Amino acid sequence: MAKFDKITVLTQIGSTGMVPVFYHQDVEIAKKVVKACYEGGVRAFEFTNRGDFAHEVFAELIKYANKECPEMALGVGSIVDAPTAALYIQSGANFIVGPLFNPEIAKVCNRRLIAYTPGCGSVSEVGFAQEAGCDLCKIFPGDVLEVNLIKGMLAPMPWSKLMVTGGVEPTQENLKGWIKAGVYCVGMGSKLFPKDTIAAGDWAYITNKCREVLAYIREARQIA
């Protein structure tokens with residue numbers, strides 16, 4: 001069962017403005033990354049369903065997070081069908097993220113008051129997702145759709161909460177651009193977790209980078 005309900009998760013995501021996106025087949029490495037992000041101020045973390053037995057890794061990871069990172073809402077990403085969503089919810093996922101919008105996933109998540117953030121690439125897709133109860137929609141891939149889509153979408157639909165993922169960079173300039181465009185938050189993966197950093201076990205780098213990114217977001221919000 002999820003530790004945090006839908007409203008709490010959306011509040012945590014919105015308060016920090018950034019959701020790290022990460023996968024590793026080694027649960028011990030995943031634990032180190034989650035802990036490093038938590039110490040850097042992160043309060044919502046997306047573990048992606050991308051490898052064989054990823055659900056088994058997640059089951060162990062969320063037990064660890066609930067104990068060692070008590071304020072962290074751990075969710076799962078790359079979910080494209082309802083059965084997989086149900087599997088992760090049963091394992092304790094606090095939110096579900098996908099690269100696409102599947103209304104059947106929305107039904108499963110709504111039944112358990114779990115936040116579902118589907119991937120959308122147009123005004124119509126966001127509209128359909130909102131009708132299905134998706135409070136936060138993922139604009140993906142961000143580096144293809146760019147900031148003008150955010151601006152254009154929010155003009156006629158200013159109530160929309162949008163999370164851009166894909167190509168977001170941990171730099172002041174990049175984050176300022178997305179925040180100024182009006183995103184609710186950003187999702188960040190490989191740019192936040194360089195392969196050589198993970199291989200070297202430099203967890204302090206990740207902690208410091210998260211603090212830096214969150215500071216850039218706070219600064220951008222003040223002037224947006």
# chains A, B, ... in the order shown; residues from 1 in each chain; ligands from 1

call {"tool": "residues_around", "arguments": {"residues": "Ile150 of chain A", "least_positions_apart": "3", "cutoff": "7 Å", "atoms": "only C-alpha atoms", "output": "list of chain:residue names"}}
result
A:Val147, A:Met153, A:Leu154, A:Ala181, A:Gly182

call {"tool": "residues_around", "arguments": {"residues": "Gly17 of chain A", "least_positions_apart": "3", "cutoff": "7 Å", "atoms": "only C-alpha atoms", "output": "PyMOL selection string"}}
result
chain A and resi 13-14+184-186+217

call {"tool": "closest_residue", "arguments": {"among": "A:Phe4, A:Phe53, A:Phe22, A:Phe101", "to": "Pro70 of chain A", "atoms": "only C-alpha atoms"}}
result
A:Phe4

call {"tool": "atom_distance", "arguments": {"atom1": "atom CA of Gly77 of chain A", "atom2": "atom CA of Val97 of chain A"}}
result
4.4 Å

call {"tool": "atom_distance", "arguments": {"atom1": "atom CA of Tyr64 of chain A", "atom2": "atom CA of Lys3 of chain A"}}
result
12.8 Å

call {"tool": "residues_around", "arguments": {"residues": "Ala132 of chain A", "least_positions_apart": "4", "cutoff": "10 Å", "atoms": "only C-alpha atoms", "output": "PyMOL selection string"}}
result
chain A and resi 101-107+110+116+126-128

call {"tool": "write_last_selection", "arguments": {"atoms": "C-alpha atoms", "output": "PDB file, in the first residue's frame"}}
result
ATOM      1  CA  PHE A 101      -1.456   8.019 -21.767  1.00  0.00           C
ATOM      2  CA  ASN A 102      -3.431   4.832 -21.099  1.00  0.00           C
ATOM      3  CA  PRO A 103      -6.934   5.388 -19.641  1.00  0.00           C
ATOM      4  CA  GLU A 104      -6.925   1.884 -18.153  1.00  0.00           C
ATOM      5  CA  ILE A 105      -3.967   2.866 -15.970  1.00  0.00           C
ATOM      6  CA  ALA A 106      -5.920   5.927 -14.824  1.00  0.00           C
ATOM      7  CA  LYS A 107      -8.758   3.680 -13.640  1.00  0.00           C
ATOM      8  CA  ASN A 110      -7.838   6.450  -9.318  1.00  0.00           C
ATOM      9  CA  TYR A 116      -0.900   8.917 -12.409  1.00  0.00           C
ATOM     10  CA  VAL A 126      -3.325  16.495 -22.012  1.00  0.00           C
ATOM     11  CA  GLY A 127      -7.042  17.249 -22.236  1.00  0.00           C
ATOM     12  CA  PHE A 128      -7.989  13.563 -22.449  1.00  0.00           C
TER      13      PHE A 128
END

call {"tool": "closest_atom_pairs", "arguments": {"of": "segment 47-128 of chain A", "to": "segment 5-8 of chain A", "cutoff": "12 Å", "atoms": "only C-alpha atoms", "output": "tab-separated table"}}
result
residue	atom	partner	partner_atom	distance
A:Glu71	CA	A:Thr8	CA	10.5
A:Met72	CA	A:Thr8	CA	10.8
A:Ala73	CA	A:Thr8	CA	8.8
A:Leu74	CA	A:Asp5	CA	11.6
A:Gly75	CA	A:Lys6	CA	11.3
A:Ile89	CA	A:Asp5	CA	11.7
A:Gly92	CA	A:Asp5	CA	11.1
A:Ala93	CA	A:Asp5	CA	10.3
A:Asn94	CA	A:Asp5	CA	7.0
A:Phe95	CA	A:Lys6	CA	7.5
A:Ile96	CA	A:Lys6	CA	10.4
A:Cys109	CA	A:Lys6	CA	9.3
A:Asn110	CA	A:Lys6	CA	9.0
A:Arg111	CA	A:Lys6	CA	11.1
A:Arg112	CA	A:Asp5	CA	8.6
A:Leu113	CA	A:Lys6	CA	5.5
A:Ile114	CA	A:Lys6	CA	5.0
A:Ala115	CA	A:Lys6	CA	4.8
A:Tyr116	CA	A:Lys6	CA	8.6
A:Thr117	CA	A:Lys6	CA	10.9

call {"tool": "write_last_selection", "arguments": {"atoms": "N, CA and C atoms", "output": "mmCIF file, in the first residue's frame"}}
result
data_model
loop_
_atom_site.group_PDB
_atom_site.id
_atom_site.type_symbol
_atom_site.label_atom_id
_atom_site.label_comp_id
_atom_site.auth_asym_id
_atom_site.auth_seq_id
_atom_site.Cartn_x
_atom_site.Cartn_y
_atom_site.Cartn_z
ATOM 1 N N GLU A 71 10.433 10.849 4.375
ATOM 2 C CA GLU A 71 9.625 11.862 3.698
ATOM 3 C C GLU A 71 9.653 11.708 2.177
ATOM 4 N N MET A 72 10.290 10.655 1.696
ATOM 5 C CA MET A 72 10.421 10.448 0.255
ATOM 6 C C MET A 72 9.237 9.670 -0.309
ATOM 7 N N ALA A 73 8.594 10.211 -1.335
ATOM 8 C CA ALA A 73 7.550 9.504 -2.069
ATOM 9 C C ALA A 73 8.229 8.804 -3.249
ATOM 10 N N LEU A 74 8.318 7.505 -3.175
ATOM 11 C CA LEU A 74 8.973 6.723 -4.226
ATOM 12 C C LEU A 74 7.913 6.183 -5.180
ATOM 13 N N GLY A 75 8.064 6.528 -6.465
ATOM 14 C CA GLY A 75 7.117 6.066 -7.472
ATOM 15 C C GLY A 75 7.824 5.288 -8.549
ATOM 16 N N ILE A 89 1.770 -0.832 -7.684
ATOM 17 C CA ILE A 89 0.956 -0.258 -6.608
ATOM 18 C C ILE A 89 0.883 -1.240 -5.446
ATOM 19 N N GLY A 92 3.732 -0.974 -3.269
ATOM 20 C CA GLY A 92 3.874 0.235 -2.474
ATOM 21 C C GLY A 92 4.191 1.504 -3.224
ATOM 22 N N ALA A 93 4.101 1.483 -4.554
ATOM 23 C CA ALA A 93 4.395 2.688 -5.333
ATOM 24 C C ALA A 93 3.478 3.833 -4.937
ATOM 25 N N ASN A 94 4.058 5.004 -4.755
ATOM 26 C CA ASN A 94 3.286 6.177 -4.355
ATOM 27 C C ASN A 94 2.750 6.971 -5.540
ATOM 28 N N PHE A 95 3.304 6.742 -6.714
ATOM 29 C CA PHE A 95 2.780 7.366 -7.929
ATOM 30 C C PHE A 95 3.250 6.572 -9.137
ATOM 31 N N ILE A 96 2.533 6.736 -10.234
ATOM 32 C CA ILE A 96 2.813 6.018 -11.477
ATOM 33 C C ILE A 96 3.056 7.037 -12.586
ATOM 34 N N CYS A 109 -5.249 3.532 -10.970
ATOM 35 C CA CYS A 109 -4.663 4.492 -10.035
ATOM 36 C C CYS A 109 -5.740 5.268 -9.268
ATOM 37 N N ASN A 110 -6.771 5.703 -9.969
ATOM 38 C CA ASN A 110 -7.838 6.450 -9.318
ATOM 39 C C ASN A 110 -8.532 5.611 -8.243
ATOM 40 N N ARG A 111 -8.651 4.325 -8.493
ATOM 41 C CA ARG A 111 -9.303 3.429 -7.534
ATOM 42 C C ARG A 111 -8.565 3.408 -6.198
ATOM 43 N N ARG A 112 -7.261 3.639 -6.245
ATOM 44 C CA ARG A 112 -6.440 3.588 -5.020
ATOM 45 C C ARG A 112 -5.922 4.960 -4.609
ATOM 46 N N LEU A 113 -6.439 6.028 -5.232
ATOM 47 C CA LEU A 113 -6.003 7.398 -4.948
ATOM 48 C C LEU A 113 -4.507 7.575 -5.150
ATOM 49 N N ILE A 114 -4.004 6.965 -6.221
ATOM 50 C CA ILE A 114 -2.593 7.050 -6.596
ATOM 51 C C ILE A 114 -2.452 8.045 -7.748
ATOM 52 N N ALA A 115 -1.499 8.950 -7.668
ATOM 53 C CA ALA A 115 -1.264 9.910 -8.744
ATOM 54 C C ALA A 115 -0.734 9.191 -9.985
ATOM 55 N N TYR A 116 -1.352 9.460 -11.123
ATOM 56 C CA TYR A 116 -0.900 8.917 -12.409
ATOM 57 C C TYR A 116 -0.516 10.077 -13.316
ATOM 58 N N THR A 117 0.747 10.092 -13.712
ATOM 59 C CA THR A 117 1.270 11.145 -14.580
ATOM 60 C C THR A 117 1.631 10.536 -15.933
#

call {"tool": "atom_distance", "arguments": {"atom1": "atom CA of Trp178 of chain A", "atom2": "atom CA of Arg221 of chain A"}}
result
10.1 Å

call {"tool": "closest_residue", "arguments": {"among": "A:Val21, A:Ile198, A:Ala215, A:Ala54", "to": "Gly98 of chain A", "atoms": "only C-alpha atoms"}}
result
A:Val21

call {"tool": "select_by_dssp", "arguments": {"residues": "segment 87-154 of chain A", "states": "strand (DSSP E or B)", "output": "PDB file with C-alpha atoms, in the first residue's frame"}}
result
ATOM      1  CA  PHE A  95       2.780   7.366  -7.929  1.00  0.00           C
ATOM      2  CA  ILE A  96       2.813   6.018 -11.477  1.00  0.00           C
ATOM      3  CA  VAL A  97       4.442   7.700 -14.488  1.00  0.00           C
ATOM      4  CA  ALA A 115      -1.264   9.910  -8.744  1.00  0.00           C
ATOM      5  CA  TYR A 116      -0.900   8.917 -12.409  1.00  0.00           C
ATOM      6  CA  THR A 117       1.270  11.145 -14.580  1.00  0.00           C
ATOM      7  CA  GLY A 119       3.250  11.135 -21.046  1.00  0.00           C
ATOM      8  CA  CYS A 120       1.558  13.585 -23.445  1.00  0.00           C
ATOM      9  CA  LEU A 136      -0.179  16.186 -13.458  1.00  0.00           C
ATOM     10  CA  CYS A 137       0.750  15.401 -17.061  1.00  0.00           C
ATOM     11  CA  LYS A 138       4.224  14.671 -18.366  1.00  0.00           C
ATOM     12  CA  ILE A 139       5.336  16.550 -21.482  1.00  0.00           C
TER      13      ILE A 139
END

call {"tool": "select_by_dssp", "arguments": {"residues": "segment 132-215 of chain A", "states": "helix (DSSP H, G or I)", "output": "PyMOL selection string"}}
result
chain A and resi 142-154+172-181+195-200+203-215

call {"tool": "write_last_selection", "arguments": {"atoms": "N, CA and C atoms", "output": "short mmCIF file (atom, residue, chain, number, x, y, z; two decimals), in the first residue's frame"}}
result
data_model
loop_
_atom_site.label_atom_id
_atom_site.label_comp_id
_atom_site.auth_asym_id
_atom_site.auth_seq_id
_atom_site.Cartn_x
_atom_site.Cartn_y
_atom_site.Cartn_z
N GLY A 142 10.80 16.26 -23.77
CA GLY A 142 10.93 17.70 -23.64
C GLY A 142 11.90 18.33 -24.61
N ASP A 143 12.99 17.63 -24.92
CA ASP A 143 13.99 18.22 -25.81
C ASP A 143 13.51 18.27 -27.26
N VAL A 144 12.44 17.56 -27.56
CA VAL A 144 11.84 17.61 -28.90
C VAL A 144 10.71 18.64 -28.95
N LEU A 145 9.88 18.64 -27.91
CA LEU A 145 8.71 19.52 -27.89
C LEU A 145 9.05 20.96 -27.50
N GLU A 146 10.03 21.14 -26.61
CA GLU A 146 10.58 22.45 -26.24
C GLU A 146 9.58 23.36 -25.50
N VAL A 147 10.13 24.50 -25.04
CA VAL A 147 9.38 25.38 -24.14
C VAL A 147 8.16 26.03 -24.80
N ASN A 148 8.19 26.22 -26.09
CA ASN A 148 7.06 26.89 -26.74
C ASN A 148 5.77 26.08 -26.64
N LEU A 149 5.88 24.76 -26.57
CA LEU A 149 4.68 23.94 -26.39
C LEU A 149 4.06 24.22 -25.03
N ILE A 150 4.90 24.35 -24.01
CA ILE A 150 4.41 24.64 -22.66
C ILE A 150 3.66 25.96 -22.65
N LYS A 151 4.29 26.98 -23.21
CA LYS A 151 3.67 28.31 -23.26
C LYS A 151 2.35 28.28 -24.03
N GLY A 152 2.38 27.62 -25.18
CA GLY A 152 1.18 27.55 -26.01
C GLY A 152 0.05 26.78 -25.36
N MET A 153 0.39 25.72 -24.63
CA MET A 153 -0.62 24.89 -23.99
C MET A 153 -1.25 25.59 -22.80
N LEU A 154 -0.45 26.31 -22.03
CA LEU A 154 -0.95 26.96 -20.84
C LEU A 154 -1.80 28.20 -21.15
N GLN A 172 21.43 26.25 -14.71
CA GLN A 172 20.59 27.39 -14.36
C GLN A 172 19.80 27.88 -15.56
N GLU A 173 20.45 27.97 -16.71
CA GLU A 173 19.81 28.48 -17.92
C GLU A 173 18.66 27.58 -18.38
N ASN A 174 18.91 26.28 -18.43
CA ASN A 174 17.91 25.33 -18.90
C ASN A 174 16.69 25.30 -17.98
N LEU A 175 16.94 25.22 -16.68
CA LEU A 175 15.85 25.15 -15.72
C LEU A 175 15.05 26.45 -15.68
N LYS A 176 15.74 27.56 -15.80
CA LYS A 176 15.06 28.86 -15.82
C LYS A 176 14.09 28.93 -17.00
N GLY A 177 14.51 28.40 -18.15
CA GLY A 177 13.66 28.41 -19.33
C GLY A 177 12.37 27.64 -19.13
N TRP A 178 12.48 26.45 -18.53
CA TRP A 178 11.29 25.62 -18.31
C TRP A 178 10.37 26.23 -17.26
N ILE A 179 10.96 26.73 -16.17
CA ILE A 179 10.16 27.33 -15.10
C ILE A 179 9.45 28.58 -15.61
N LYS A 180 10.16 29.38 -16.36
CA LYS A 180 9.57 30.61 -16.91
C LYS A 180 8.43 30.28 -17.87
N ALA A 181 8.55 29.16 -18.57
CA ALA A 181 7.49 28.74 -19.50
C ALA A 181 6.23 28.32 -18.76
N LYS A 195 27.02 8.35 -15.93
CA LYS A 195 27.43 6.95 -15.76
C LYS A 195 28.74 6.82 -14.97
N ASP A 196 29.68 7.71 -15.24
CA ASP A 196 30.96 7.60 -14.53
C ASP A 196 30.80 7.92 -13.05
N THR A 197 29.85 8.77 -12.71
CA THR A 197 29.59 9.09 -11.31
C THR A 197 29.01 7.89 -10.58
N ILE A 198 28.07 7.20 -11.22
CA ILE A 198 27.48 6.00 -10.63
C ILE A 198 28.54 4.91 -10.49
N ALA A 199 29.35 4.72 -11.54
CA ALA A 199 30.39 3.69 -11.52
C ALA A 199 31.41 3.94 -10.41
N ALA A 200 31.70 5.22 -10.16
CA ALA A 200 32.68 5.57 -9.13
C ALA A 200 32.08 5.59 -7.73
N TRP A 203 28.51 9.38 -4.44
CA TRP A 203 27.17 9.76 -3.99
C TRP A 203 27.11 11.21 -3.55
N ALA A 204 28.22 11.74 -3.07
CA ALA A 204 28.27 13.15 -2.66
C ALA A 204 28.02 14.06 -3.85
N TYR A 205 28.50 13.68 -5.02
CA TYR A 205 28.26 14.47 -6.23
C TYR A 205 26.76 14.59 -6.49
N ILE A 206 26.06 13.46 -6.36
CA ILE A 206 24.62 13.46 -6.62
C ILE A 206 23.89 14.34 -5.60
N THR A 207 24.26 14.23 -4.34
CA THR A 207 23.65 15.05 -3.30
C THR A 207 23.85 16.53 -3.60
N ASN A 208 25.07 16.90 -3.92
CA ASN A 208 25.37 18.30 -4.20
C ASN A 208 24.68 18.79 -5.46
N LYS A 209 24.60 17.93 -6.47
CA LYS A 209 23.94 18.31 -7.72
C LYS A 209 22.43 18.52 -7.50
N CYS A 210 21.83 17.68 -6.67
CA CYS A 210 20.40 17.85 -6.36
C CYS A 210 20.17 19.17 -5.64
N ARG A 211 21.02 19.49 -4.69
CA ARG A 211 20.90 20.77 -3.98
C ARG A 211 21.02 21.94 -4.94
N GLU A 212 21.94 21.82 -5.87
CA GLU A 212 22.17 22.87 -6.86
C GLU A 212 20.95 23.05 -7.75
N VAL A 213 20.39 21.95 -8.24
CA VAL A 213 19.23 22.00 -9.11
C VAL A 213 18.02 22.60 -8.39
N LEU A 214 17.78 22.17 -7.17
CA LEU A 214 16.64 22.68 -6.41
C LEU A 214 16.80 24.17 -6.12
N ALA A 215 18.02 24.61 -5.92
CA ALA A 215 18.28 26.04 -5.69
C ALA A 215 17.99 26.83 -6.97
#

call {"tool": "residues_around", "arguments": {"residues": "Phe58 of chain A", "least_positions_apart": "4", "cutoff": "12 Å", "atoms": "only C-alpha atoms", "output": "ChimeraX atom specification"}}
result
/A:22-28,30-31,34,45-54,62-66,74-77,87-94

call {"tool": "closest_residue", "arguments": {"among": "A:Met157, A:Val19, A:Ala220, A:Cys69", "to": "Lys32 of chain A", "atoms": "only C-alpha atoms"}}
result
A:Cys69

call {"tool": "closest_residue", "arguments": {"among": "A:Asp202, A:Glu68, A:Asp135, A:Glu219", "to": "Met163 of chain A", "atoms": "only C-alpha atoms"}}
result
A:Asp135
